[in-house]
Amino acid sequence: MLKGKKILIGITGSIAAYKIPLLIRLLKKAGAEVRVIMTPFAKEFVTPLTVSTLCGEPVYGDFFDRETGQWQSHVDLGLWADLMLIAPATANTMAKMQAGIADNYLLTVYLSARCPVMIAPAMDLDMYKHPATQENLQLLQKRGNLLIAPATGELASGLCGEGRMEEPEQIFQQIETFFRHENRFAGRQVLVSAGPTFEAIDPVRFIGNHSSGLMGVELALAFAREGAEVKLVLGPSAIKVNHPRVMVLPVTSADEMNEQCRLLFPQSDITVMAAAVADYKPAEVYNEKLKKSNDELVIRLVKTPDILSGLGKQKTSKQLLVGFALETEQEEANALDKLKRKNLDLIVLNSLKDEGAGFGHQTNKVSFFDRTGHQESFPLKQKSAVAGDILHRLHTMMTMDDVK
Ligand code: CTP
């Protein structure tokens, strides 16, 4: 799996740097080509001699080769790599990556790299928990960087908590999985809807909901990272999506979302409706701003089109259609009913009962029900990890059905 893969490791100044020589050995044994960049502080924790001996290449870290006086191109190294791994990644380096600061060789390579980037943070538990670190990390993930989440355990400070860099064997496994999944959806056309819809009352007011669009955006990015061409029909959302294989089609209302989805659906191999579509819209939209007059105001609402049901009716046997369900009672029975009624292949049930799940959270807790009766429940996870689980399930279904 890793034979011939070009892996660029960036080591920053953390005690966890001592684990990297072992990771280099594992990667080399698996047939990968490994190059390493070390920041000046990283060299205090592990010697460049150890690293260069193991990877069979000189260590990078300076803009100039002192012996030959030649300039080292950071662009070349970034283009060489199939994958860049920054491990251990300190809070300082992550903050600079987020802000686009390029004050060392590693950061210039990071900013010019075109390959996927994995980050394995390592730091003290309070530094890791700090809102600044968490926000930087979330932003980096939103931009497509992949997180190798730190484990919970004993830290160099003597404290115990989250912040310990994953063990080399675990990082190795995640790299292997990454390459195994890299092209799972290559050549597939994927349609994802995300975000809320806003239904206009008058020129300044609307009926909407609290959906951030994150779950659908994570799905779109996950499909794109695994090779698919993605059309993301995105309701009003603050999230900016930037991936060469994700085409964003912004919409505002349920009617606009319906129009885009129906247009794109016939060409889509896989469609996931993650949007929180408003079920009702005002029967009439006022041309002028409604003035405050009576003590009561009645706005008559009419149903919006059920986009997912419409797509379910058009679906061919070569297409996979996925819906989400948000239930507050009889969760399983309602989800199964929606699966059948809307002619879906898979329904993802969001649990609203659990702290941290659903609207406005970075995390979600879901269960899957598919048309074959297969059912699976997952613990609370980052929405990016939930997206990974959904892709995994769909890939299994695709291979079973041989939908091509
Ligand atoms: N959905 C849709 N069009 C709508 C409403 C919902 O495409 N007008 C899609 C959502 O994107 C989601 C699924 O239908 O994938 C389930 O949405 P939900 O609101 O839970 O279901 P409803 O069918 O609206 O049923 P109810 O509100 O009665 O639970």
# chains A, B, ... in the order shown; residues from 1 in each chain; ligands from 1

call {"tool": "residues_around", "arguments": {"residues": "Cys55 (chain A)", "least_positions_apart": "3", "cutoff": "7 Å", "atoms": "only C-alpha atoms", "output": "VMD selection string"}}
result
chain A and resid 24 34 to 35 51 to 52

call {"tool": "residues_near_ligand", "arguments": {"ligand": "ligand 1", "cutoff": "10 Å", "atoms": "only C-alpha atoms and all ligand atoms", "output": "mmCIF file with all heavy atoms, in the first residue's frame"}}
result
data_model
loop_
_atom_site.group_PDB
_atom_site.id
_atom_site.type_symbol
_atom_site.label_atom_id
_atom_site.label_comp_id
_atom_site.auth_asym_id
_atom_site.auth_seq_id
_atom_site.Cartn_x
_atom_site.Cartn_y
_atom_site.Cartn_z
ATOM 1 N N VAL A 192 -24.116 16.724 -2.733
ATOM 2 C CA VAL A 192 -24.385 16.875 -1.301
ATOM 3 C C VAL A 192 -25.158 18.176 -1.094
ATOM 4 O O VAL A 192 -24.814 19.199 -1.693
ATOM 5 C CB VAL A 192 -23.066 16.941 -0.478
ATOM 6 C CG1 VAL A 192 -23.353 17.152 1.007
ATOM 7 C CG2 VAL A 192 -22.229 15.679 -0.664
ATOM 8 N N SER A 193 -26.212 18.124 -0.278
ATOM 9 C CA SER A 193 -26.877 19.378 0.106
ATOM 10 C C SER A 193 -26.531 19.639 1.563
ATOM 11 O O SER A 193 -26.365 18.699 2.343
ATOM 12 C CB SER A 193 -28.388 19.281 -0.082
ATOM 13 O OG SER A 193 -28.943 18.491 0.950
ATOM 14 N N ALA A 194 -26.388 20.914 1.915
ATOM 15 C CA ALA A 194 -25.990 21.248 3.289
ATOM 16 C C ALA A 194 -26.557 22.594 3.698
ATOM 17 O O ALA A 194 -26.936 23.403 2.853
ATOM 18 C CB ALA A 194 -24.464 21.282 3.379
ATOM 19 N N GLY A 195 -26.581 22.795 5.006
ATOM 20 C CA GLY A 195 -26.976 24.103 5.542
ATOM 21 C C GLY A 195 -28.470 24.248 5.710
ATOM 22 O O GLY A 195 -29.244 23.337 5.407
ATOM 23 N N PRO A 196 -28.893 25.416 6.180
ATOM 24 C CA PRO A 196 -30.324 25.666 6.345
ATOM 25 C C PRO A 196 -30.903 26.206 5.042
ATOM 26 O O PRO A 196 -30.168 26.374 4.058
ATOM 27 C CB PRO A 196 -30.333 26.787 7.395
ATOM 28 C CG PRO A 196 -29.070 27.566 7.118
ATOM 29 C CD PRO A 196 -28.063 26.573 6.575
ATOM 30 N N THR A 197 -32.188 26.444 4.998
ATOM 31 C CA THR A 197 -32.740 27.280 3.927
ATOM 32 C C THR A 197 -33.435 28.447 4.604
ATOM 33 O O THR A 197 -33.894 28.322 5.746
ATOM 34 C CB THR A 197 -33.747 26.526 3.034
ATOM 35 O OG1 THR A 197 -34.868 26.148 3.823
ATOM 36 C CG2 THR A 197 -33.124 25.311 2.374
ATOM 37 N N GLY A 216 -22.712 18.623 6.287
ATOM 38 C CA GLY A 216 -22.693 18.451 4.827
ATOM 39 C C GLY A 216 -21.367 18.875 4.220
ATOM 40 O O GLY A 216 -20.865 18.231 3.290
ATOM 41 N N ALA A 254 -35.719 26.815 -0.037
ATOM 42 C CA ALA A 254 -35.982 25.403 -0.341
ATOM 43 C C ALA A 254 -36.271 25.238 -1.838
ATOM 44 O O ALA A 254 -35.831 24.259 -2.456
ATOM 45 C CB ALA A 254 -37.159 24.911 0.480
ATOM 46 N N ASP A 255 -36.995 26.199 -2.428
ATOM 47 C CA ASP A 255 -37.301 26.092 -3.860
ATOM 48 C C ASP A 255 -36.026 26.121 -4.700
ATOM 49 O O ASP A 255 -35.871 25.338 -5.631
ATOM 50 C CB ASP A 255 -38.239 27.235 -4.296
ATOM 51 C CG ASP A 255 -39.668 26.981 -3.818
ATOM 52 O OD1 ASP A 255 -40.073 25.807 -3.811
ATOM 53 O OD2 ASP A 255 -40.349 27.954 -3.431
ATOM 54 N N MET A 257 -33.013 25.307 -3.660
ATOM 55 C CA MET A 257 -32.258 24.074 -3.398
ATOM 56 C C MET A 257 -32.853 22.916 -4.203
ATOM 57 O O MET A 257 -32.136 22.108 -4.794
ATOM 58 C CB MET A 257 -32.269 23.765 -1.895
ATOM 59 C CG MET A 257 -31.382 22.603 -1.518
ATOM 60 S SD MET A 257 -31.223 22.389 0.257
ATOM 61 C CE MET A 257 -29.900 23.491 0.659
ATOM 62 N N ASN A 258 -34.167 22.895 -4.251
ATOM 63 C CA ASN A 258 -34.861 21.845 -4.993
ATOM 64 C C ASN A 258 -34.485 21.889 -6.483
ATOM 65 O O ASN A 258 -34.150 20.869 -7.089
ATOM 66 C CB ASN A 258 -36.378 22.036 -4.830
ATOM 67 C CG ASN A 258 -37.169 20.892 -5.407
ATOM 68 O OD1 ASN A 258 -36.733 19.739 -5.340
ATOM 69 N ND2 ASN A 258 -38.324 21.190 -5.995
ATOM 70 N N CYS A 261 -30.870 20.696 -6.972
ATOM 71 C CA CYS A 261 -30.699 19.263 -6.716
ATOM 72 C C CYS A 261 -31.326 18.440 -7.836
ATOM 73 O O CYS A 261 -30.735 17.452 -8.295
ATOM 74 C CB CYS A 261 -31.310 18.876 -5.369
ATOM 75 S SG CYS A 261 -30.368 19.503 -3.986
ATOM 76 N N VAL A 272 -26.281 12.835 -1.114
ATOM 77 C CA VAL A 272 -26.529 12.884 0.328
ATOM 78 C C VAL A 272 -27.231 14.205 0.654
ATOM 79 O O VAL A 272 -26.674 15.280 0.430
ATOM 80 C CB VAL A 272 -25.218 12.785 1.151
ATOM 81 C CG1 VAL A 272 -25.537 12.697 2.645
ATOM 82 C CG2 VAL A 272 -24.376 11.590 0.721
ATOM 83 N N MET A 273 -28.447 14.078 1.165
ATOM 84 C CA MET A 273 -29.204 15.293 1.531
ATOM 85 C C MET A 273 -28.983 15.574 3.017
ATOM 86 O O MET A 273 -29.703 15.056 3.875
ATOM 87 C CB MET A 273 -30.701 15.089 1.269
ATOM 88 C CG MET A 273 -31.136 15.253 -0.170
ATOM 89 S SD MET A 273 -31.007 16.939 -0.818
ATOM 90 C CE MET A 273 -32.079 17.835 0.279
ATOM 91 N N ALA A 274 -27.959 16.393 3.300
ATOM 92 C CA ALA A 274 -27.669 16.716 4.701
ATOM 93 C C ALA A 274 -28.270 18.060 5.092
ATOM 94 O O ALA A 274 -28.116 18.496 6.231
ATOM 95 C CB ALA A 274 -26.155 16.732 4.909
ATOM 96 N N ALA A 275 -28.923 18.726 4.158
ATOM 97 C CA ALA A 275 -29.473 20.059 4.441
ATOM 98 C C ALA A 275 -30.657 19.980 5.399
ATOM 99 O O ALA A 275 -31.408 19.011 5.391
ATOM 100 C CB ALA A 275 -29.906 20.725 3.142
ATOM 101 N N ALA A 276 -30.785 21.021 6.203
ATOM 102 C CA ALA A 276 -31.961 21.155 7.085
ATOM 103 C C ALA A 276 -32.936 22.066 6.338
ATOM 104 O O ALA A 276 -32.938 23.282 6.530
ATOM 105 C CB ALA A 276 -31.548 21.759 8.411
ATOM 106 N N VAL A 277 -33.694 21.451 5.459
ATOM 107 C CA VAL A 277 -34.596 22.217 4.591
ATOM 108 C C VAL A 277 -35.825 22.648 5.396
ATOM 109 O O VAL A 277 -36.412 21.840 6.118
ATOM 110 C CB VAL A 277 -35.070 21.337 3.403
ATOM 111 C CG1 VAL A 277 -35.835 22.182 2.384
ATOM 112 C CG2 VAL A 277 -33.895 20.626 2.749
ATOM 113 N N ALA A 278 -36.214 23.923 5.246
ATOM 114 C CA ALA A 278 -37.441 24.379 5.912
ATOM 115 C C ALA A 278 -38.619 23.611 5.329
ATOM 116 O O ALA A 278 -38.707 23.439 4.106
ATOM 117 C CB ALA A 278 -37.624 25.874 5.678
ATOM 118 N N ASP A 279 -39.503 23.119 6.183
ATOM 119 C CA ASP A 279 -40.649 22.349 5.683
ATOM 120 C C ASP A 279 -41.772 23.248 5.195
ATOM 121 O O ASP A 279 -42.616 22.829 4.414
ATOM 122 C CB ASP A 279 -41.187 21.430 6.796
ATOM 123 C CG ASP A 279 -40.247 20.262 7.036
ATOM 124 O OD1 ASP A 279 -39.584 19.843 6.083
ATOM 125 O OD2 ASP A 279 -40.168 19.781 8.189
ATOM 126 N N TYR A 280 -41.789 24.490 5.700
ATOM 127 C CA TYR A 280 -42.845 25.439 5.310
ATOM 128 C C TYR A 280 -42.243 26.783 4.930
ATOM 129 O O TYR A 280 -41.189 27.161 5.443
ATOM 130 C CB TYR A 280 -43.830 25.643 6.470
ATOM 131 C CG TYR A 280 -44.635 24.406 6.777
ATOM 132 C CD1 TYR A 280 -44.190 23.474 7.708
ATOM 133 C CD2 TYR A 280 -45.841 24.169 6.110
ATOM 134 C CE1 TYR A 280 -44.919 22.323 7.981
ATOM 135 C CE2 TYR A 280 -46.577 23.027 6.381
ATOM 136 C CZ TYR A 280 -46.113 22.110 7.310
ATOM 137 O OH TYR A 280 -46.839 20.979 7.570
ATOM 138 N N LYS A 281 -42.942 27.475 4.046
ATOM 139 C CA LYS A 281 -42.509 28.832 3.671
ATOM 140 C C LYS A 281 -43.739 29.743 3.696
ATOM 141 O O LYS A 281 -44.888 29.246 3.568
ATOM 142 C CB LYS A 281 -41.894 28.818 2.269
ATOM 143 C CG LYS A 281 -42.875 28.409 1.197
ATOM 144 C CD LYS A 281 -42.282 28.471 -0.197
ATOM 145 C CE LYS A 281 -43.341 28.077 -1.226
ATOM 146 N NZ LYS A 281 -42.909 28.114 -2.579
ATOM 147 N N LYS A 303 -46.436 24.357 2.430
ATOM 148 C CA LYS A 303 -45.349 23.361 2.397
ATOM 149 C C LYS A 303 -44.316 23.688 1.314
ATOM 150 O O LYS A 303 -44.682 24.149 0.234
ATOM 151 C CB LYS A 303 -45.932 21.978 2.100
ATOM 152 C CG LYS A 303 -46.095 21.158 3.330
ATOM 153 C CD LYS A 303 -46.333 19.718 2.964
ATOM 154 C CE LYS A 303 -46.527 18.904 4.219
ATOM 155 N NZ LYS A 303 -47.163 17.642 3.953
ATOM 156 N N THR A 304 -43.043 23.420 1.641
ATOM 157 C CA THR A 304 -41.987 23.502 0.608
ATOM 158 C C THR A 304 -41.928 22.127 -0.067
ATOM 159 O O THR A 304 -42.450 21.144 0.482
ATOM 160 C CB THR A 304 -40.619 23.794 1.259
ATOM 161 O OG1 THR A 304 -40.382 22.769 2.227
ATOM 162 C CG2 THR A 304 -40.575 25.159 1.904
ATOM 163 N N PRO A 305 -41.279 22.030 -1.212
ATOM 164 C CA PRO A 305 -41.171 20.696 -1.808
ATOM 165 C C PRO A 305 -40.298 19.792 -0.946
ATOM 166 O O PRO A 305 -39.306 20.262 -0.386
ATOM 167 C CB PRO A 305 -40.479 20.966 -3.157
ATOM 168 C CG PRO A 305 -39.850 22.304 -3.026
ATOM 169 C CD PRO A 305 -40.637 23.068 -2.003
ATOM 170 N N ASP A 306 -40.661 18.525 -0.808
ATOM 171 C CA ASP A 306 -39.781 17.576 -0.120
ATOM 172 C C ASP A 306 -38.756 17.111 -1.169
ATOM 173 O O ASP A 306 -39.053 16.258 -2.011
ATOM 174 C CB ASP A 306 -40.575 16.401 0.452
ATOM 175 C CG ASP A 306 -39.699 15.538 1.344
ATOM 176 O OD1 ASP A 306 -38.507 15.350 0.991
ATOM 177 O OD2 ASP A 306 -40.172 15.062 2.385
ATOM 178 N N ILE A 307 -37.587 17.720 -1.107
ATOM 179 C CA ILE A 307 -36.568 17.498 -2.151
ATOM 180 C C ILE A 307 -36.171 16.024 -2.201
ATOM 181 O O ILE A 307 -36.128 15.401 -3.256
ATOM 182 C CB ILE A 307 -35.324 18.382 -1.886
ATOM 183 C CG1 ILE A 307 -35.764 19.838 -1.697
ATOM 184 C CG2 ILE A 307 -34.317 18.254 -3.021
ATOM 185 C CD1 ILE A 307 -34.663 20.776 -1.236
ATOM 186 N N LEU A 308 -35.899 15.486 -1.005
ATOM 187 C CA LEU A 308 -35.423 14.098 -0.922
ATOM 188 C C LEU A 308 -36.448 13.114 -1.497
ATOM 189 O O LEU A 308 -36.077 12.206 -2.255
ATOM 190 C CB LEU A 308 -35.120 13.779 0.546
ATOM 191 C CG LEU A 308 -34.407 12.484 0.854
ATOM 192 C CD1 LEU A 308 -33.079 12.390 0.122
ATOM 193 C CD2 LEU A 308 -34.151 12.361 2.356
ATOM 194 N N SER A 309 -37.719 13.318 -1.170
ATOM 195 C CA SER A 309 -38.753 12.426 -1.709
ATOM 196 C C SER A 309 -38.785 12.493 -3.224
ATOM 197 O O SER A 309 -38.904 11.465 -3.905
ATOM 198 C CB SER A 309 -40.135 12.844 -1.221
ATOM 199 O OG SER A 309 -40.284 12.489 0.094
ATOM 200 N N GLY A 310 -38.662 13.714 -3.749
ATOM 201 C CA GLY A 310 -38.669 13.909 -5.206
ATOM 202 C C GLY A 310 -37.519 13.150 -5.857
ATOM 203 O O GLY A 310 -37.697 12.481 -6.873
ATOM 204 N N LEU A 311 -36.334 13.225 -5.235
ATOM 205 C CA LEU A 311 -35.168 12.540 -5.792
ATOM 206 C C LEU A 311 -35.361 11.025 -5.697
ATOM 207 O O LEU A 311 -34.994 10.279 -6.611
ATOM 208 C CB LEU A 311 -33.883 12.962 -5.076
ATOM 209 C CG LEU A 311 -33.547 14.468 -5.075
ATOM 210 C CD1 LEU A 311 -32.221 14.719 -4.371
ATOM 211 C CD2 LEU A 311 -33.494 15.033 -6.491
ATOM 212 N N GLY A 312 -35.961 10.588 -4.578
ATOM 213 C CA GLY A 312 -36.228 9.155 -4.377
ATOM 214 C C GLY A 312 -37.093 8.593 -5.496
ATOM 215 O O GLY A 312 -36.917 7.439 -5.909
ATOM 216 N N LEU A 321 -28.881 6.924 -2.664
ATOM 217 C CA LEU A 321 -29.500 8.130 -2.105
ATOM 218 C C LEU A 321 -29.526 8.033 -0.575
ATOM 219 O O LEU A 321 -30.006 7.041 -0.020
ATOM 220 C CB LEU A 321 -30.921 8.282 -2.668
ATOM 221 C CG LEU A 321 -31.697 9.535 -2.257
ATOM 222 C CD1 LEU A 321 -30.974 10.817 -2.653
ATOM 223 C CD2 LEU A 321 -33.096 9.528 -2.896
ATOM 224 N N VAL A 322 -28.990 9.091 0.070
ATOM 225 C CA VAL A 322 -28.871 9.083 1.527
ATOM 226 C C VAL A 322 -29.605 10.286 2.116
ATOM 227 O O VAL A 322 -29.483 11.401 1.600
ATOM 228 C CB VAL A 322 -27.376 9.169 1.946
ATOM 229 C CG1 VAL A 322 -27.231 9.079 3.465
ATOM 230 C CG2 VAL A 322 -26.558 8.095 1.251
ATOM 231 N N GLY A 323 -30.360 10.050 3.183
ATOM 232 C CA GLY A 323 -31.044 11.144 3.875
ATOM 233 C C GLY A 323 -30.637 11.189 5.323
ATOM 234 O O GLY A 323 -30.035 10.246 5.858
ATOM 235 N N PHE A 324 -30.954 12.297 5.963
ATOM 236 C CA PHE A 324 -30.735 12.441 7.399
ATOM 237 C C PHE A 324 -32.094 12.498 8.075
ATOM 238 O O PHE A 324 -33.065 12.935 7.474
ATOM 239 C CB PHE A 324 -29.983 13.743 7.701
ATOM 240 C CG PHE A 324 -28.483 13.591 7.618
ATOM 241 C CD1 PHE A 324 -27.862 13.464 6.386
ATOM 242 C CD2 PHE A 324 -27.708 13.572 8.765
ATOM 243 C CE1 PHE A 324 -26.487 13.310 6.294
ATOM 244 C CE2 PHE A 324 -26.333 13.422 8.688
ATOM 245 C CZ PHE A 324 -25.717 13.299 7.457
ATOM 246 N N ALA A 325 -32.149 12.074 9.309
ATOM 247 C CA ALA A 325 -33.400 12.193 10.057
ATOM 248 C C ALA A 325 -33.086 12.791 11.424
ATOM 249 O O ALA A 325 -32.082 12.442 12.057
ATOM 250 C CB ALA A 325 -34.053 10.836 10.236
ATOM 251 N N LEU A 326 -33.911 13.725 11.820
ATOM 252 C CA LEU A 326 -33.759 14.361 13.120
ATOM 253 C C LEU A 326 -35.060 14.106 13.860
ATOM 254 O O LEU A 326 -36.100 14.635 13.465
ATOM 255 C CB LEU A 326 -33.552 15.865 12.882
ATOM 256 C CG LEU A 326 -33.029 16.684 14.031
ATOM 257 C CD1 LEU A 326 -31.589 16.288 14.322
ATOM 258 C CD2 LEU A 326 -33.071 18.156 13.659
ATOM 259 N N GLU A 327 -35.006 13.255 14.865
ATOM 260 C CA GLU A 327 -36.248 12.852 15.528
ATOM 261 C C GLU A 327 -36.158 13.131 17.018
ATOM 262 O O GLU A 327 -35.074 13.068 17.602
ATOM 263 C CB GLU A 327 -36.489 11.347 15.330
ATOM 264 C CG GLU A 327 -36.443 10.876 13.883
ATOM 265 C CD GLU A 327 -37.585 11.428 13.040
ATOM 266 O OE1 GLU A 327 -38.585 11.864 13.612
ATOM 267 O OE2 GLU A 327 -37.460 11.436 11.805
ATOM 268 N N THR A 328 -37.288 13.427 17.616
ATOM 269 C CA THR A 328 -37.289 13.636 19.065
ATOM 270 C C THR A 328 -38.075 12.532 19.776
ATOM 271 O O THR A 328 -38.058 12.429 20.985
ATOM 272 C CB THR A 328 -37.895 15.014 19.420
ATOM 273 O OG1 THR A 328 -39.152 15.105 18.787
ATOM 274 C CG2 THR A 328 -37.002 16.150 18.972
ATOM 275 N N GLU A 329 -38.809 11.729 19.023
ATOM 276 C CA GLU A 329 -39.548 10.608 19.627
ATOM 277 C C GLU A 329 -39.571 9.440 18.641
ATOM 278 O O GLU A 329 -39.467 9.663 17.426
ATOM 279 C CB GLU A 329 -40.973 11.033 19.991
ATOM 280 C CG GLU A 329 -41.628 11.747 18.823
ATOM 281 C CD GLU A 329 -43.108 11.982 18.983
ATOM 282 O OE1 GLU A 329 -43.678 11.590 20.005
ATOM 283 O OE2 GLU A 329 -43.679 12.521 18.051
ATOM 284 N N GLU A 331 -37.452 7.416 17.624
ATOM 285 C CA GLU A 331 -36.398 7.735 16.658
ATOM 286 C C GLU A 331 -36.255 6.670 15.577
ATOM 287 O O GLU A 331 -36.283 6.960 14.379
ATOM 288 C CB GLU A 331 -35.062 7.879 17.386
ATOM 289 C CG GLU A 331 -35.055 9.021 18.371
ATOM 290 C CD GLU A 331 -33.709 9.181 19.053
ATOM 291 O OE1 GLU A 331 -33.038 8.156 19.265
ATOM 292 O OE2 GLU A 331 -33.346 10.316 19.364
ATOM 293 N N ASN A 334 -39.361 6.109 13.264
ATOM 294 C CA ASN A 334 -39.537 7.216 12.332
ATOM 295 C C ASN A 334 -38.464 7.202 11.247
ATOM 296 O O ASN A 334 -38.742 7.507 10.079
ATOM 297 C CB ASN A 334 -39.492 8.560 13.066
ATOM 298 C CG ASN A 334 -40.798 8.831 13.789
ATOM 299 O OD1 ASN A 334 -41.849 8.344 13.385
ATOM 300 N ND2 ASN A 334 -40.739 9.602 14.856
ATOM 301 N N ALA A 335 -37.230 6.881 11.653
ATOM 302 C CA ALA A 335 -36.127 6.854 10.669
ATOM 303 C C ALA A 335 -36.389 5.758 9.633
ATOM 304 O O ALA A 335 -36.231 5.981 8.424
ATOM 305 C CB ALA A 335 -34.801 6.617 11.376
ATOM 306 N N ASP A 337 -39.207 4.520 8.789
ATOM 307 C CA ASP A 337 -40.347 4.922 7.970
ATOM 308 C C ASP A 337 -39.894 5.888 6.863
ATOM 309 O O ASP A 337 -40.283 5.749 5.698
ATOM 310 C CB ASP A 337 -41.393 5.585 8.876
ATOM 311 C CG ASP A 337 -42.530 6.169 8.071
ATOM 312 O OD1 ASP A 337 -43.165 5.380 7.348
ATOM 313 O OD2 ASP A 337 -42.753 7.395 8.127
ATOM 314 N N LYS A 338 -39.012 6.843 7.240
ATOM 315 C CA LYS A 338 -38.498 7.805 6.243
ATOM 316 C C LYS A 338 -37.677 7.106 5.173
ATOM 317 O O LYS A 338 -37.747 7.456 3.991
ATOM 318 C CB LYS A 338 -37.614 8.843 6.941
ATOM 319 C CG LYS A 338 -38.288 10.185 7.100
ATOM 320 C CD LYS A 338 -37.496 11.160 7.919
ATOM 321 C CE LYS A 338 -38.460 11.896 8.836
ATOM 322 N NZ LYS A 338 -37.803 12.807 9.748
ATOM 323 N N LEU A 339 -36.881 6.117 5.604
ATOM 324 C CA LEU A 339 -36.045 5.358 4.670
ATOM 325 C C LEU A 339 -36.908 4.759 3.564
ATOM 326 O O LEU A 339 -36.587 4.860 2.371
ATOM 327 C CB LEU A 339 -35.311 4.259 5.447
ATOM 328 C CG LEU A 339 -34.438 3.294 4.674
ATOM 329 C CD1 LEU A 339 -33.072 3.919 4.413
ATOM 330 C CD2 LEU A 339 -34.230 1.988 5.439
ATOM 331 N N ARG A 341 -40.314 5.473 2.928
ATOM 332 C CA ARG A 341 -41.195 6.443 2.294
ATOM 333 C C ARG A 341 -40.467 7.264 1.228
ATOM 334 O O ARG A 341 -41.013 7.580 0.185
ATOM 335 C CB ARG A 341 -41.755 7.356 3.388
ATOM 336 C CG ARG A 341 -43.002 8.066 3.052
ATOM 337 C CD ARG A 341 -43.748 8.622 4.262
ATOM 338 N NE ARG A 341 -43.006 8.934 5.450
ATOM 339 C CZ ARG A 341 -42.448 10.139 5.704
ATOM 340 N NH1 ARG A 341 -42.549 11.108 4.831
ATOM 341 N NH2 ARG A 341 -41.802 10.346 6.830
ATOM 342 N N LYS A 342 -39.181 7.595 1.506
ATOM 343 C CA LYS A 342 -38.448 8.458 0.579
ATOM 344 C C LYS A 342 -37.572 7.642 -0.395
ATOM 345 O O LYS A 342 -36.766 8.206 -1.122
ATOM 346 C CB LYS A 342 -37.619 9.485 1.354
ATOM 347 C CG LYS A 342 -38.465 10.384 2.283
ATOM 348 C CD LYS A 342 -37.722 11.636 2.735
ATOM 349 C CE LYS A 342 -38.578 12.443 3.712
ATOM 350 N NZ LYS A 342 -38.090 13.801 3.949
ATOM 351 N N LEU A 344 -34.949 5.568 0.088
ATOM 352 C CA LEU A 344 -33.521 5.807 0.329
ATOM 353 C C LEU A 344 -32.750 4.501 0.415
ATOM 354 O O LEU A 344 -33.326 3.440 0.663
ATOM 355 C CB LEU A 344 -33.329 6.574 1.637
ATOM 356 C CG LEU A 344 -34.165 7.834 1.831
ATOM 357 C CD1 LEU A 344 -33.859 8.487 3.174
ATOM 358 C CD2 LEU A 344 -33.901 8.817 0.693
ATOM 359 N N ILE A 347 -30.252 5.866 5.745
ATOM 360 C CA ILE A 347 -30.686 7.048 6.497
ATOM 361 C C ILE A 347 -29.799 7.196 7.727
ATOM 362 O O ILE A 347 -29.445 6.206 8.379
ATOM 363 C CB ILE A 347 -32.202 7.034 6.830
ATOM 364 C CG1 ILE A 347 -32.627 8.413 7.360
ATOM 365 C CG2 ILE A 347 -32.578 5.954 7.817
ATOM 366 C CD1 ILE A 347 -34.045 8.797 7.016
ATOM 367 N N VAL A 348 -29.374 8.431 7.975
ATOM 368 C CA VAL A 348 -28.501 8.723 9.108
ATOM 369 C C VAL A 348 -29.355 9.414 10.160
ATOM 370 O O VAL A 348 -29.864 10.510 9.926
ATOM 371 C CB VAL A 348 -27.336 9.647 8.670
ATOM 372 C CG1 VAL A 348 -26.414 9.946 9.843
ATOM 373 C CG2 VAL A 348 -26.566 9.039 7.499
ATOM 374 N N LEU A 349 -29.509 8.751 11.285
ATOM 375 C CA LEU A 349 -30.347 9.301 12.356
ATOM 376 C C LEU A 349 -29.474 10.094 13.318
ATOM 377 O O LEU A 349 -28.514 9.593 13.890
ATOM 378 C CB LEU A 349 -31.041 8.154 13.096
ATOM 379 C CG LEU A 349 -31.828 8.514 14.353
ATOM 380 C CD1 LEU A 349 -33.035 9.382 14.023
ATOM 381 C CD2 LEU A 349 -32.284 7.245 15.075
ATOM 382 N N ASN A 350 -29.800 11.388 13.464
ATOM 383 C CA ASN A 350 -29.102 12.260 14.422
ATOM 384 C C ASN A 350 -29.769 12.103 15.766
ATOM 385 O O ASN A 350 -30.988 12.228 15.842
ATOM 386 C CB ASN A 350 -29.340 13.733 14.062
ATOM 387 C CG ASN A 350 -28.430 14.219 12.977
ATOM 388 O OD1 ASN A 350 -27.231 14.042 13.050
ATOM 389 N ND2 ASN A 350 -29.026 14.824 11.973
#

call {"tool": "closest_residue", "arguments": {"among": "A:Leu214, A:Leu301, A:Leu111, A:Met94", "to": "Leu77 (chain A)", "atoms": "only C-alpha atoms"}}
result
A:Leu111

call {"tool": "decode", "arguments": {"residues": "region 370-374 of chain A", "atoms": "N, CA, C and O atoms", "output": "mmCIF file, in the first residue's frame"}}
result
data_model
loop_
_atom_site.group_PDB
_atom_site.id
_atom_site.type_symbol
_atom_site.label_atom_id
_atom_site.label_comp_id
_atom_site.auth_asym_id
_atom_site.auth_seq_id
_atom_site.Cartn_x
_atom_site.Cartn_y
_atom_site.Cartn_z
ATOM 1 N N ASP A 370 -29.898 0.949 6.870
ATOM 2 C CA ASP A 370 -29.907 0.870 5.405
ATOM 3 C C ASP A 370 -31.036 -0.027 4.914
ATOM 4 O O ASP A 370 -31.716 -0.683 5.704
ATOM 5 N N ARG A 371 -31.219 -0.044 3.600
ATOM 6 C CA ARG A 371 -32.387 -0.729 3.046
ATOM 7 C C ARG A 371 -32.313 -2.247 3.181
ATOM 8 O O ARG A 371 -33.312 -2.933 3.036
ATOM 9 N N THR A 372 -31.118 -2.754 3.509
ATOM 10 C CA THR A 372 -31.022 -4.204 3.696
ATOM 11 C C THR A 372 -31.342 -4.596 5.144
ATOM 12 O O THR A 372 -31.268 -5.764 5.501
ATOM 13 N N GLY A 373 -31.628 -3.598 5.991
ATOM 14 C CA GLY A 373 -31.942 -3.903 7.392
ATOM 15 C C GLY A 373 -30.725 -3.790 8.288
ATOM 16 O O GLY A 373 -30.824 -3.953 9.500
ATOM 17 N N HIS A 374 -29.580 -3.473 7.690
ATOM 18 C CA HIS A 374 -28.357 -3.333 8.479
ATOM 19 C C HIS A 374 -28.453 -2.071 9.343
ATOM 20 O O HIS A 374 -28.849 -1.021 8.863
#
